[in-house]
>>> print(open('query_4.cif').read())   # mmCIF, N, CA and C atoms
data_entry
#
loop_
_atom_site.label_atom_id
_atom_site.label_comp_id
_atom_site.auth_asym_id
_atom_site.auth_seq_id
_atom_site.Cartn_x
_atom_site.Cartn_y
_atom_site.Cartn_z
N MET V 209 -40.64 -2.39 52.03
CA MET V 209 -41.84 -2.61 51.25
C MET V 209 -41.99 -1.54 50.17
N ALA V 210 -41.67 -0.29 50.54
CA ALA V 210 -41.78 0.79 49.57
C ALA V 210 -40.79 0.59 48.43
N GLY V 211 -39.60 0.06 48.73
CA GLY V 211 -38.61 -0.20 47.69
C GLY V 211 -39.08 -1.25 46.71
N VAL V 212 -39.76 -2.27 47.21
CA VAL V 212 -40.28 -3.32 46.34
C VAL V 212 -41.34 -2.74 45.40
N LEU V 213 -42.23 -1.93 45.94
CA LEU V 213 -43.27 -1.32 45.10
C LEU V 213 -42.68 -0.35 44.10
N LEU V 214 -41.65 0.38 44.50
CA LEU V 214 -41.00 1.32 43.59
C LEU V 214 -40.29 0.59 42.46
N ARG V 215 -39.58 -0.49 42.78
CA ARG V 215 -38.93 -1.29 41.74
C ARG V 215 -39.96 -1.92 40.80
N PHE V 216 -41.08 -2.37 41.36
CA PHE V 216 -42.15 -2.94 40.53
C PHE V 216 -42.70 -1.86 39.60
N GLY V 217 -42.94 -0.67 40.13
CA GLY V 217 -43.47 0.43 39.31
C GLY V 217 -42.51 0.83 38.20
N VAL V 218 -41.23 0.85 38.49
CA VAL V 218 -40.23 1.18 37.47
C VAL V 218 -40.22 0.11 36.39
N THR V 219 -40.34 -1.14 36.77
CA THR V 219 -40.36 -2.22 35.79
C THR V 219 -41.59 -2.14 34.91
N VAL V 220 -42.74 -1.79 35.50
CA VAL V 220 -43.98 -1.65 34.72
C VAL V 220 -43.84 -0.49 33.73
N ALA V 221 -43.29 0.63 34.18
CA ALA V 221 -43.21 1.82 33.34
C ALA V 221 -42.10 1.75 32.31
N ALA V 222 -41.09 0.92 32.52
CA ALA V 222 -39.93 0.90 31.64
C ALA V 222 -40.28 0.44 30.23
N LEU V 223 -41.15 -0.53 30.12
CA LEU V 223 -41.46 -1.07 28.80
C LEU V 223 -42.13 -0.03 27.90
N PRO V 224 -43.20 0.64 28.33
CA PRO V 224 -43.78 1.68 27.46
C PRO V 224 -42.83 2.86 27.23
N LEU V 225 -42.04 3.23 28.22
CA LEU V 225 -41.10 4.34 28.03
C LEU V 225 -40.02 3.98 27.02
N CYS V 226 -39.53 2.76 27.08
CA CYS V 226 -38.54 2.33 26.09
C CYS V 226 -39.15 2.31 24.69
N GLY V 227 -40.42 1.97 24.61
CA GLY V 227 -41.10 1.99 23.31
C GLY V 227 -41.20 3.39 22.73
N ASN V 228 -41.29 4.39 23.59
CA ASN V 228 -41.36 5.77 23.10
C ASN V 228 -40.01 6.32 22.68
N PHE V 229 -38.93 5.83 23.26
CA PHE V 229 -37.63 6.42 23.02
C PHE V 229 -36.67 5.57 22.20
N LEU V 230 -36.92 4.29 22.06
CA LEU V 230 -36.02 3.41 21.30
C LEU V 230 -36.73 2.95 20.03
N GLU V 231 -36.04 3.01 18.91
CA GLU V 231 -36.69 2.78 17.62
C GLU V 231 -37.00 1.33 17.30
N GLY V 232 -36.38 0.39 17.96
CA GLY V 232 -36.62 -1.02 17.67
C GLY V 232 -37.70 -1.66 18.52
N ILE V 233 -38.34 -0.86 19.37
CA ILE V 233 -39.40 -1.35 20.25
C ILE V 233 -40.68 -0.64 19.85
N HIS V 234 -41.68 -1.41 19.46
CA HIS V 234 -42.92 -0.84 18.96
C HIS V 234 -44.07 -1.20 19.89
N ILE V 235 -44.70 -0.19 20.48
CA ILE V 235 -45.85 -0.40 21.35
C ILE V 235 -47.09 -0.46 20.46
N LEU V 236 -47.75 -1.60 20.43
CA LEU V 236 -48.93 -1.77 19.59
C LEU V 236 -50.20 -1.39 20.34
N ASP V 237 -50.25 -1.64 21.63
CA ASP V 237 -51.40 -1.29 22.46
C ASP V 237 -50.87 -0.92 23.84
N MET V 238 -51.13 0.33 24.25
CA MET V 238 -50.55 0.83 25.50
C MET V 238 -51.09 0.06 26.72
N GLY V 239 -52.37 -0.26 26.73
CA GLY V 239 -52.94 -1.01 27.85
C GLY V 239 -52.30 -2.38 28.00
N LYS V 240 -52.14 -3.07 26.86
CA LYS V 240 -51.49 -4.38 26.90
C LYS V 240 -50.02 -4.26 27.23
N ALA V 241 -49.39 -3.16 26.82
CA ALA V 241 -47.97 -2.96 27.16
C ALA V 241 -47.80 -2.75 28.66
N LEU V 242 -48.72 -2.02 29.29
CA LEU V 242 -48.67 -1.85 30.74
C LEU V 242 -48.93 -3.17 31.46
N LEU V 243 -49.87 -3.96 30.93
CA LEU V 243 -50.11 -5.29 31.49
C LEU V 243 -48.87 -6.17 31.35
N LEU V 244 -48.22 -6.08 30.20
CA LEU V 244 -46.99 -6.81 29.99
C LEU V 244 -45.90 -6.35 30.95
N GLY V 245 -45.85 -5.05 31.21
CA GLY V 245 -44.90 -4.53 32.19
C GLY V 245 -45.18 -5.08 33.59
N ALA V 246 -46.46 -5.21 33.94
CA ALA V 246 -46.82 -5.78 35.24
C ALA V 246 -46.42 -7.25 35.32
N ILE V 247 -46.64 -7.99 34.23
CA ILE V 247 -46.23 -9.39 34.19
C ILE V 247 -44.71 -9.49 34.30
N LEU V 248 -44.02 -8.60 33.60
CA LEU V 248 -42.57 -8.58 33.68
C LEU V 248 -42.10 -8.24 35.10
N GLY V 249 -42.80 -7.33 35.77
CA GLY V 249 -42.47 -7.01 37.15
C GLY V 249 -42.64 -8.22 38.06
N LEU V 250 -43.70 -8.98 37.86
CA LEU V 250 -43.90 -10.20 38.65
C LEU V 250 -42.82 -11.24 38.35
N ILE V 251 -42.47 -11.37 37.07
CA ILE V 251 -41.40 -12.30 36.70
C ILE V 251 -40.10 -11.89 37.36
N TYR V 252 -39.83 -10.57 37.39
CA TYR V 252 -38.60 -10.09 38.02
C TYR V 252 -38.61 -10.35 39.52
N MET V 253 -39.79 -10.31 40.14
CA MET V 253 -39.85 -10.55 41.58
C MET V 253 -39.73 -12.03 41.92
N VAL V 254 -40.19 -12.93 41.04
CA VAL V 254 -40.21 -14.35 41.35
C VAL V 254 -39.03 -15.10 40.71
N LEU V 255 -38.89 -15.01 39.40
CA LEU V 255 -37.89 -15.82 38.70
C LEU V 255 -36.48 -15.24 38.75
N ARG V 256 -36.37 -13.95 38.77
CA ARG V 256 -35.04 -13.33 38.71
C ARG V 256 -34.15 -13.73 39.88
N PRO V 257 -34.64 -13.70 41.13
CA PRO V 257 -33.76 -14.15 42.22
C PRO V 257 -33.35 -15.62 42.08
N LEU V 258 -34.25 -16.44 41.58
CA LEU V 258 -33.91 -17.86 41.39
C LEU V 258 -32.83 -18.04 40.33
N THR V 259 -32.97 -17.33 39.22
CA THR V 259 -31.96 -17.46 38.17
C THR V 259 -30.61 -16.91 38.63
N ARG V 260 -30.64 -15.83 39.41
CA ARG V 260 -29.37 -15.29 39.92
C ARG V 260 -28.70 -16.25 40.89
N LEU V 261 -29.49 -16.94 41.67
CA LEU V 261 -28.94 -17.91 42.61
C LEU V 261 -28.32 -19.09 41.87
N VAL V 262 -29.05 -19.61 40.89
CA VAL V 262 -28.58 -20.78 40.15
C VAL V 262 -27.34 -20.45 39.32
N LEU V 263 -27.31 -19.27 38.74
CA LEU V 263 -26.23 -18.91 37.83
C LEU V 263 -25.12 -18.07 38.47
N SER V 264 -25.07 -18.05 39.79
CA SER V 264 -24.12 -17.17 40.49
C SER V 264 -22.66 -17.49 40.16
N VAL V 265 -22.33 -18.76 39.99
CA VAL V 265 -20.94 -19.13 39.68
C VAL V 265 -20.58 -18.63 38.28
N PHE V 266 -21.48 -18.85 37.32
CA PHE V 266 -21.20 -18.39 35.96
C PHE V 266 -21.22 -16.87 35.88
N ASN V 267 -22.06 -16.24 36.69
CA ASN V 267 -22.13 -14.79 36.72
C ASN V 267 -20.80 -14.20 37.17
N PHE V 268 -20.16 -14.84 38.12
CA PHE V 268 -18.84 -14.40 38.58
C PHE V 268 -17.83 -14.43 37.43
N CYS V 269 -17.90 -15.46 36.63
CA CYS V 269 -16.95 -15.61 35.51
C CYS V 269 -17.20 -14.62 34.38
N THR V 270 -18.44 -14.18 34.21
CA THR V 270 -18.77 -13.25 33.13
C THR V 270 -18.87 -11.81 33.61
N LEU V 271 -18.51 -11.56 34.87
CA LEU V 271 -18.51 -10.20 35.45
C LEU V 271 -19.89 -9.53 35.40
N GLY V 272 -20.93 -10.32 35.56
CA GLY V 272 -22.28 -9.78 35.64
C GLY V 272 -23.02 -9.68 34.33
N LEU V 273 -22.36 -9.93 33.21
CA LEU V 273 -23.03 -9.83 31.92
C LEU V 273 -24.11 -10.89 31.76
N LEU V 274 -23.91 -12.03 32.38
CA LEU V 274 -24.90 -13.10 32.28
C LEU V 274 -26.24 -12.67 32.87
N ASN V 275 -26.22 -11.86 33.92
CA ASN V 275 -27.47 -11.38 34.51
C ASN V 275 -28.27 -10.57 33.50
N VAL V 276 -27.62 -9.70 32.77
CA VAL V 276 -28.32 -8.88 31.79
C VAL V 276 -28.84 -9.73 30.64
N VAL V 277 -28.09 -10.74 30.23
CA VAL V 277 -28.54 -11.63 29.16
C VAL V 277 -29.75 -12.42 29.61
N VAL V 278 -29.74 -12.92 30.84
CA VAL V 278 -30.90 -13.65 31.37
C VAL V 278 -32.10 -12.72 31.49
N ASP V 279 -31.88 -11.48 31.95
CA ASP V 279 -32.97 -10.52 32.03
C ASP V 279 -33.52 -10.19 30.65
N ALA V 280 -32.64 -10.10 29.64
CA ALA V 280 -33.10 -9.87 28.27
C ALA V 280 -33.94 -11.04 27.78
N TRP V 281 -33.54 -12.25 28.14
CA TRP V 281 -34.34 -13.41 27.77
C TRP V 281 -35.71 -13.36 28.46
N LEU V 282 -35.75 -12.92 29.71
CA LEU V 282 -37.03 -12.78 30.41
C LEU V 282 -37.92 -11.75 29.72
N VAL V 283 -37.34 -10.64 29.27
CA VAL V 283 -38.11 -9.62 28.54
C VAL V 283 -38.61 -10.18 27.23
N TRP V 284 -37.73 -10.87 26.50
CA TRP V 284 -38.10 -11.45 25.21
C TRP V 284 -39.23 -12.47 25.37
N THR V 285 -39.15 -13.29 26.41
CA THR V 285 -40.18 -14.29 26.67
C THR V 285 -41.49 -13.64 27.08
N ALA V 286 -41.41 -12.63 27.95
CA ALA V 286 -42.62 -11.94 28.40
C ALA V 286 -43.30 -11.22 27.24
N ALA V 287 -42.51 -10.69 26.30
CA ALA V 287 -43.09 -10.00 25.15
C ALA V 287 -43.90 -10.95 24.27
N GLY V 288 -43.56 -12.21 24.29
CA GLY V 288 -44.31 -13.20 23.52
C GLY V 288 -45.56 -13.70 24.22
N LEU V 289 -45.75 -13.36 25.48
CA LEU V 289 -46.90 -13.86 26.23
C LEU V 289 -48.21 -13.20 25.82
N ILE V 290 -48.17 -11.90 25.56
CA ILE V 290 -49.38 -11.16 25.23
C ILE V 290 -49.28 -10.70 23.78
N GLU V 291 -50.17 -11.18 22.94
CA GLU V 291 -50.14 -10.82 21.52
C GLU V 291 -50.56 -9.36 21.34
N ASN V 292 -50.00 -8.76 20.33
CA ASN V 292 -50.33 -7.38 19.93
C ASN V 292 -50.12 -6.37 21.05
N SER V 293 -49.09 -6.57 21.85
CA SER V 293 -48.79 -5.59 22.89
C SER V 293 -47.52 -4.83 22.55
N VAL V 294 -46.45 -5.57 22.34
CA VAL V 294 -45.14 -5.00 22.04
C VAL V 294 -44.49 -5.83 20.94
N ALA V 295 -43.88 -5.15 19.99
CA ALA V 295 -43.11 -5.84 18.95
C ALA V 295 -41.65 -5.42 19.08
N LEU V 296 -40.79 -6.40 19.22
CA LEU V 296 -39.35 -6.13 19.32
C LEU V 296 -38.70 -6.56 18.01
N ASP V 297 -37.87 -5.68 17.45
CA ASP V 297 -37.23 -5.99 16.17
C ASP V 297 -36.22 -7.13 16.28
N SER V 298 -35.54 -7.24 17.42
CA SER V 298 -34.58 -8.33 17.61
C SER V 298 -34.35 -8.54 19.10
N PHE V 299 -33.56 -9.55 19.39
CA PHE V 299 -33.23 -9.84 20.79
C PHE V 299 -32.45 -8.69 21.41
N TRP V 300 -31.70 -7.95 20.62
CA TRP V 300 -30.88 -6.85 21.14
C TRP V 300 -31.75 -5.74 21.71
N TRP V 301 -32.95 -5.58 21.20
CA TRP V 301 -33.86 -4.58 21.77
C TRP V 301 -34.39 -5.05 23.11
N ALA V 302 -34.58 -6.35 23.27
CA ALA V 302 -34.92 -6.89 24.59
C ALA V 302 -33.75 -6.69 25.55
N PHE V 303 -32.53 -6.82 25.03
CA PHE V 303 -31.32 -6.55 25.82
C PHE V 303 -31.31 -5.08 26.26
N ALA V 304 -31.70 -4.17 25.36
CA ALA V 304 -31.74 -2.74 25.71
C ALA V 304 -32.76 -2.47 26.81
N ILE V 305 -33.94 -3.10 26.72
CA ILE V 305 -34.95 -2.94 27.76
C ILE V 305 -34.42 -3.47 29.09
N ALA V 306 -33.80 -4.64 29.06
CA ALA V 306 -33.25 -5.22 30.29
C ALA V 306 -32.17 -4.31 30.88
N PHE V 307 -31.35 -3.70 30.04
CA PHE V 307 -30.33 -2.79 30.52
C PHE V 307 -30.96 -1.57 31.17
N VAL V 308 -32.01 -1.01 30.57
CA VAL V 308 -32.69 0.16 31.14
C VAL V 308 -33.33 -0.21 32.48
N ILE V 309 -33.98 -1.36 32.54
CA ILE V 309 -34.62 -1.79 33.79
C ILE V 309 -33.56 -1.99 34.87
N ASN V 310 -32.46 -2.65 34.54
CA ASN V 310 -31.40 -2.88 35.52
C ASN V 310 -30.80 -1.56 35.99
N ALA V 311 -30.58 -0.62 35.08
CA ALA V 311 -30.03 0.68 35.47
C ALA V 311 -30.98 1.43 36.39
N ALA V 312 -32.27 1.41 36.07
CA ALA V 312 -33.26 2.11 36.90
C ALA V 312 -33.37 1.45 38.27
N ARG V 313 -33.37 0.13 38.31
CA ARG V 313 -33.45 -0.56 39.60
C ARG V 313 -32.19 -0.32 40.43
N PHE V 314 -31.05 -0.21 39.77
CA PHE V 314 -29.80 0.10 40.47
C PHE V 314 -29.87 1.49 41.09
N LEU V 315 -30.39 2.46 40.33
CA LEU V 315 -30.50 3.82 40.85
C LEU V 315 -31.48 3.91 42.02
N ILE V 316 -32.51 3.08 41.99
CA ILE V 316 -33.47 3.05 43.10
C ILE V 316 -32.82 2.44 44.34
N ASP V 317 -31.99 1.44 44.14
CA ASP V 317 -31.35 0.77 45.27
C ASP V 317 -30.24 1.60 45.92
N LEU V 318 -29.68 2.56 45.21
CA LEU V 318 -28.59 3.37 45.77
C LEU V 318 -28.96 4.13 47.02
N PRO V 319 -30.08 4.89 47.05
CA PRO V 319 -30.41 5.63 48.29
C PRO V 319 -30.74 4.70 49.46
N ALA V 320 -31.24 3.52 49.15
CA ALA V 320 -31.60 2.58 50.21
C ALA V 320 -30.36 1.92 50.82
N GLY V 321 -29.22 2.08 50.17
CA GLY V 321 -28.00 1.49 50.69
C GLY V 321 -27.85 0.01 50.41
N ARG V 322 -28.66 -0.52 49.50
CA ARG V 322 -28.58 -1.94 49.20
C ARG V 322 -27.40 -2.25 48.30
N ARG V 323 -26.96 -1.27 47.49
CA ARG V 323 -25.81 -1.47 46.60
C ARG V 323 -24.61 -0.75 47.19
N LYS V 324 -23.48 -1.42 47.20
CA LYS V 324 -22.26 -0.79 47.71
C LYS V 324 -21.14 -0.95 46.76
#
>>> encode(input="query_4.cif", output="structure tokens")
Amino acid sequence: MAGVLLRFGVTVAALPLCGNFLEGIHILDMGKALLLGAILGLIYMVLRPLTRLVLSVFNFCTLGLLNVVVDAWLVWTAAGLIENSVALDSFWWAFAIAFVINAARFLIDLPAGRRK
């Protein structure tokens, strides 16, 4: 349970942090950006396992790159849900956010022994 909450917290915090450190991500309103991070965390908890299950065969063929592309699409879609929260210059910046979130979630899963 603590791992789920920690991964959710990292997902919520990743969006505003990426906005501070990456030049193509513009935080327009910090409160809305945190809300968007929470929505993204919920999307990652609900839709992400389903997409990974459905696309598992294709993911094998692309050596995992498809997961990051789908996660970038989820970030791009979530960014469009709340107006005036986050502005992304292009899809590649959504890809960068998805990469940061995946890396952070991977590092969280390492001590728990979930990744081998």
>>> residues_around(input="query_4.cif", residues="V:Lys240", least_positions_apart="6", cutoff="12 Å", atoms="only C-alpha atoms", output="PyMOL selection string")
chain V and resi 220+223-224+246-248+286-295
>>> write_last_selection(input="query_4.cif", atoms="N, CA and C atoms", output="CSV table (one decimal), in the frame of the given file")
chain,number,residue,atom,x,y,z
V,220,VAL,N,-42.7,-1.8,35.5
V,220,VAL,CA,-44.0,-1.6,34.7
V,220,VAL,C,-43.8,-0.5,33.7
V,223,LEU,N,-41.2,-0.5,30.1
V,223,LEU,CA,-41.5,-1.1,28.8
V,223,LEU,C,-42.1,0.0,27.9
V,224,PRO,N,-43.2,0.6,28.3
V,224,PRO,CA,-43.8,1.7,27.5
V,224,PRO,C,-42.8,2.9,27.2
V,246,ALA,N,-46.5,-5.2,33.9
V,246,ALA,CA,-46.8,-5.8,35.2
V,246,ALA,C,-46.4,-7.2,35.3
V,247,ILE,N,-46.6,-8.0,34.2
V,247,ILE,CA,-46.2,-9.4,34.2
V,247,ILE,C,-44.7,-9.5,34.3
V,248,LEU,N,-44.0,-8.6,33.6
V,248,LEU,CA,-42.6,-8.6,33.7
V,248,LEU,C,-42.1,-8.2,35.1
V,286,ALA,N,-41.4,-12.6,28.0
V,286,ALA,CA,-42.6,-11.9,28.4
V,286,ALA,C,-43.3,-11.2,27.2
V,287,ALA,N,-42.5,-10.7,26.3
V,287,ALA,CA,-43.1,-10.0,25.2
V,287,ALA,C,-43.9,-11.0,24.3
V,288,GLY,N,-43.6,-12.2,24.3
V,288,GLY,CA,-44.3,-13.2,23.5
V,288,GLY,C,-45.6,-13.7,24.2
V,289,LEU,N,-45.8,-13.4,25.5
V,289,LEU,CA,-46.9,-13.9,26.2
V,289,LEU,C,-48.2,-13.2,25.8
V,290,ILE,N,-48.2,-11.9,25.6
V,290,ILE,CA,-49.4,-11.2,25.2
V,290,ILE,C,-49.3,-10.7,23.8
V,291,GLU,N,-50.2,-11.2,22.9
V,291,GLU,CA,-50.1,-10.8,21.5
V,291,GLU,C,-50.6,-9.4,21.3
V,292,ASN,N,-50.0,-8.8,20.3
V,292,ASN,CA,-50.3,-7.4,19.9
V,292,ASN,C,-50.1,-6.4,21.0
V,293,SER,N,-49.1,-6.6,21.8
V,293,SER,CA,-48.8,-5.6,22.9
V,293,SER,C,-47.5,-4.8,22.6
V,294,VAL,N,-46.4,-5.6,22.3
V,294,VAL,CA,-45.1,-5.0,22.0
V,294,VAL,C,-44.5,-5.8,20.9
V,295,ALA,N,-43.9,-5.2,20.0
V,295,ALA,CA,-43.1,-5.8,19.0
V,295,ALA,C,-41.6,-5.4,19.1
>>> select_by_dssp(input="query_4.cif", residues="chain V", states="helix (DSSP H, G or I)", output="MDAnalysis selection string")
chainID V and resid 210:229 238:262 264:269 273:287 299:320
>>> closest_residue(input="query_4.cif", among="V:Leu243, V:Cys226, V:Ile309, V:Ile251", to="V:Leu282", atoms="only N, CA and C atoms")
V:Ile251
>>> residues_around(input="query_4.cif", residues="stretch 300-303 of chain V", least_positions_apart="2", cutoff="8 Å", atoms="only N, CA and C atoms", output="PyMOL selection string")
chain V and resi 232-233+276-277+279-285+296-298+305-309
>>> select_by_dssp(input="query_4.cif", residues="chain V", states="strand (DSSP E)", output="list in words")
Ile233, His234, Ile235, Val294, Ala295 and Leu296 of chain V
>>> write_last_selection(input="query_4.cif", atoms="N, CA and C atoms", output="PDB file, keeping the file's coordinate frame")
ATOM      1  N   ILE V 233     -38.340  -0.860  19.370  1.00  0.00           N
ATOM      2  CA  ILE V 233     -39.400  -1.350  20.250  1.00  0.00           C
ATOM      3  C   ILE V 233     -40.680  -0.640  19.850  1.00  0.00           C
ATOM      4  N   HIS V 234     -41.680  -1.410  19.460  1.00  0.00           N
ATOM      5  CA  HIS V 234     -42.920  -0.840  18.960  1.00  0.00           C
ATOM      6  C   HIS V 234     -44.070  -1.200  19.890  1.00  0.00           C
ATOM      7  N   ILE V 235     -44.700  -0.190  20.480  1.00  0.00           N
ATOM      8  CA  ILE V 235     -45.850  -0.400  21.350  1.00  0.00           C
ATOM      9  C   ILE V 235     -47.090  -0.460  20.460  1.00  0.00           C
ATOM     10  N   VAL V 294     -46.450  -5.570  22.340  1.00  0.00           N
ATOM     11  CA  VAL V 294     -45.140  -5.000  22.040  1.00  0.00           C
ATOM     12  C   VAL V 294     -44.490  -5.830  20.940  1.00  0.00           C
ATOM     13  N   ALA V 295     -43.880  -5.150  19.990  1.00  0.00           N
ATOM     14  CA  ALA V 295     -43.110  -5.840  18.950  1.00  0.00           C
ATOM     15  C   ALA V 295     -41.650  -5.420  19.080  1.00  0.00           C
ATOM     16  N   LEU V 296     -40.790  -6.400  19.220  1.00  0.00           N
ATOM     17  CA  LEU V 296     -39.350  -6.130  19.320  1.00  0.00           C
ATOM     18  C   LEU V 296     -38.700  -6.560  18.010  1.00  0.00           C
TER      19      LEU V 296
END
>>> atom_distance(input="query_4.cif", atom1="atom CA of V:Arg313", atom2="atom CA of V:Arg215")
5.9 Å
>>> axis_aligned_box(input="query_4.cif", around="stretch 253-257 of chain V", padding_each_side="6 Å", output="JSON")
{"center_x": -36.8, "center_y": -13.1, "center_z": 40.5, "size_x": 18.9, "size_y": 17.5, "size_z": 15.5}
>>> atom_distance(input="query_4.cif", atom1="atom CA of V:Asn275", atom2="atom CA of V:Arg260")
6.9 Å
>>> decode(input="query_4.cif", residues="stretch 210-233 of chain V", atoms="C-alpha atoms", output="PDB file, in the first residue's frame")
ATOM      1  CA  ALA V 210       2.840   2.371   0.829  1.00  0.00           C
ATOM      2  CA  GLY V 211       4.405   1.675  -2.577  1.00  0.00           C
ATOM      3  CA  VAL V 212       1.177   2.601  -4.346  1.00  0.00           C
ATOM      4  CA  LEU V 213       0.946   5.879  -2.443  1.00  0.00           C
ATOM      5  CA  LEU V 214       4.612   6.633  -3.077  1.00  0.00           C
ATOM      6  CA  ARG V 215       4.252   5.999  -6.826  1.00  0.00           C
ATOM      7  CA  PHE V 216       1.121   8.173  -6.856  1.00  0.00           C
ATOM      8  CA  GLY V 217       2.979  10.963  -5.037  1.00  0.00           C
ATOM      9  CA  VAL V 218       5.890  10.786  -7.465  1.00  0.00           C
ATOM     10  CA  THR V 219       3.500  10.992 -10.400  1.00  0.00           C
ATOM     11  CA  VAL V 220       1.764  14.028  -8.874  1.00  0.00           C
ATOM     12  CA  ALA V 221       5.064  15.802  -8.179  1.00  0.00           C
ATOM     13  CA  ALA V 222       6.728  14.939 -11.493  1.00  0.00           C
ATOM     14  CA  LEU V 223       4.678  17.288 -13.624  1.00  0.00           C
ATOM     15  CA  PRO V 224       5.452  20.519 -11.708  1.00  0.00           C
ATOM     16  CA  LEU V 225       9.089  19.468 -11.231  1.00  0.00           C
ATOM     17  CA  CYS V 226       9.507  18.830 -14.945  1.00  0.00           C
ATOM     18  CA  GLY V 227       8.018  22.258 -15.569  1.00  0.00           C
ATOM     19  CA  ASN V 228      10.717  23.823 -13.420  1.00  0.00           C
ATOM     20  CA  PHE V 229      13.624  22.000 -15.043  1.00  0.00           C
ATOM     21  CA  LEU V 230      12.641  21.400 -18.686  1.00  0.00           C
ATOM     22  CA  GLU V 231      12.278  24.345 -21.046  1.00  0.00           C
ATOM     23  CA  GLY V 232       9.454  23.000 -23.209  1.00  0.00           C
ATOM     24  CA  ILE V 233       7.044  22.504 -20.311  1.00  0.00           C
TER      25      ILE V 233
END
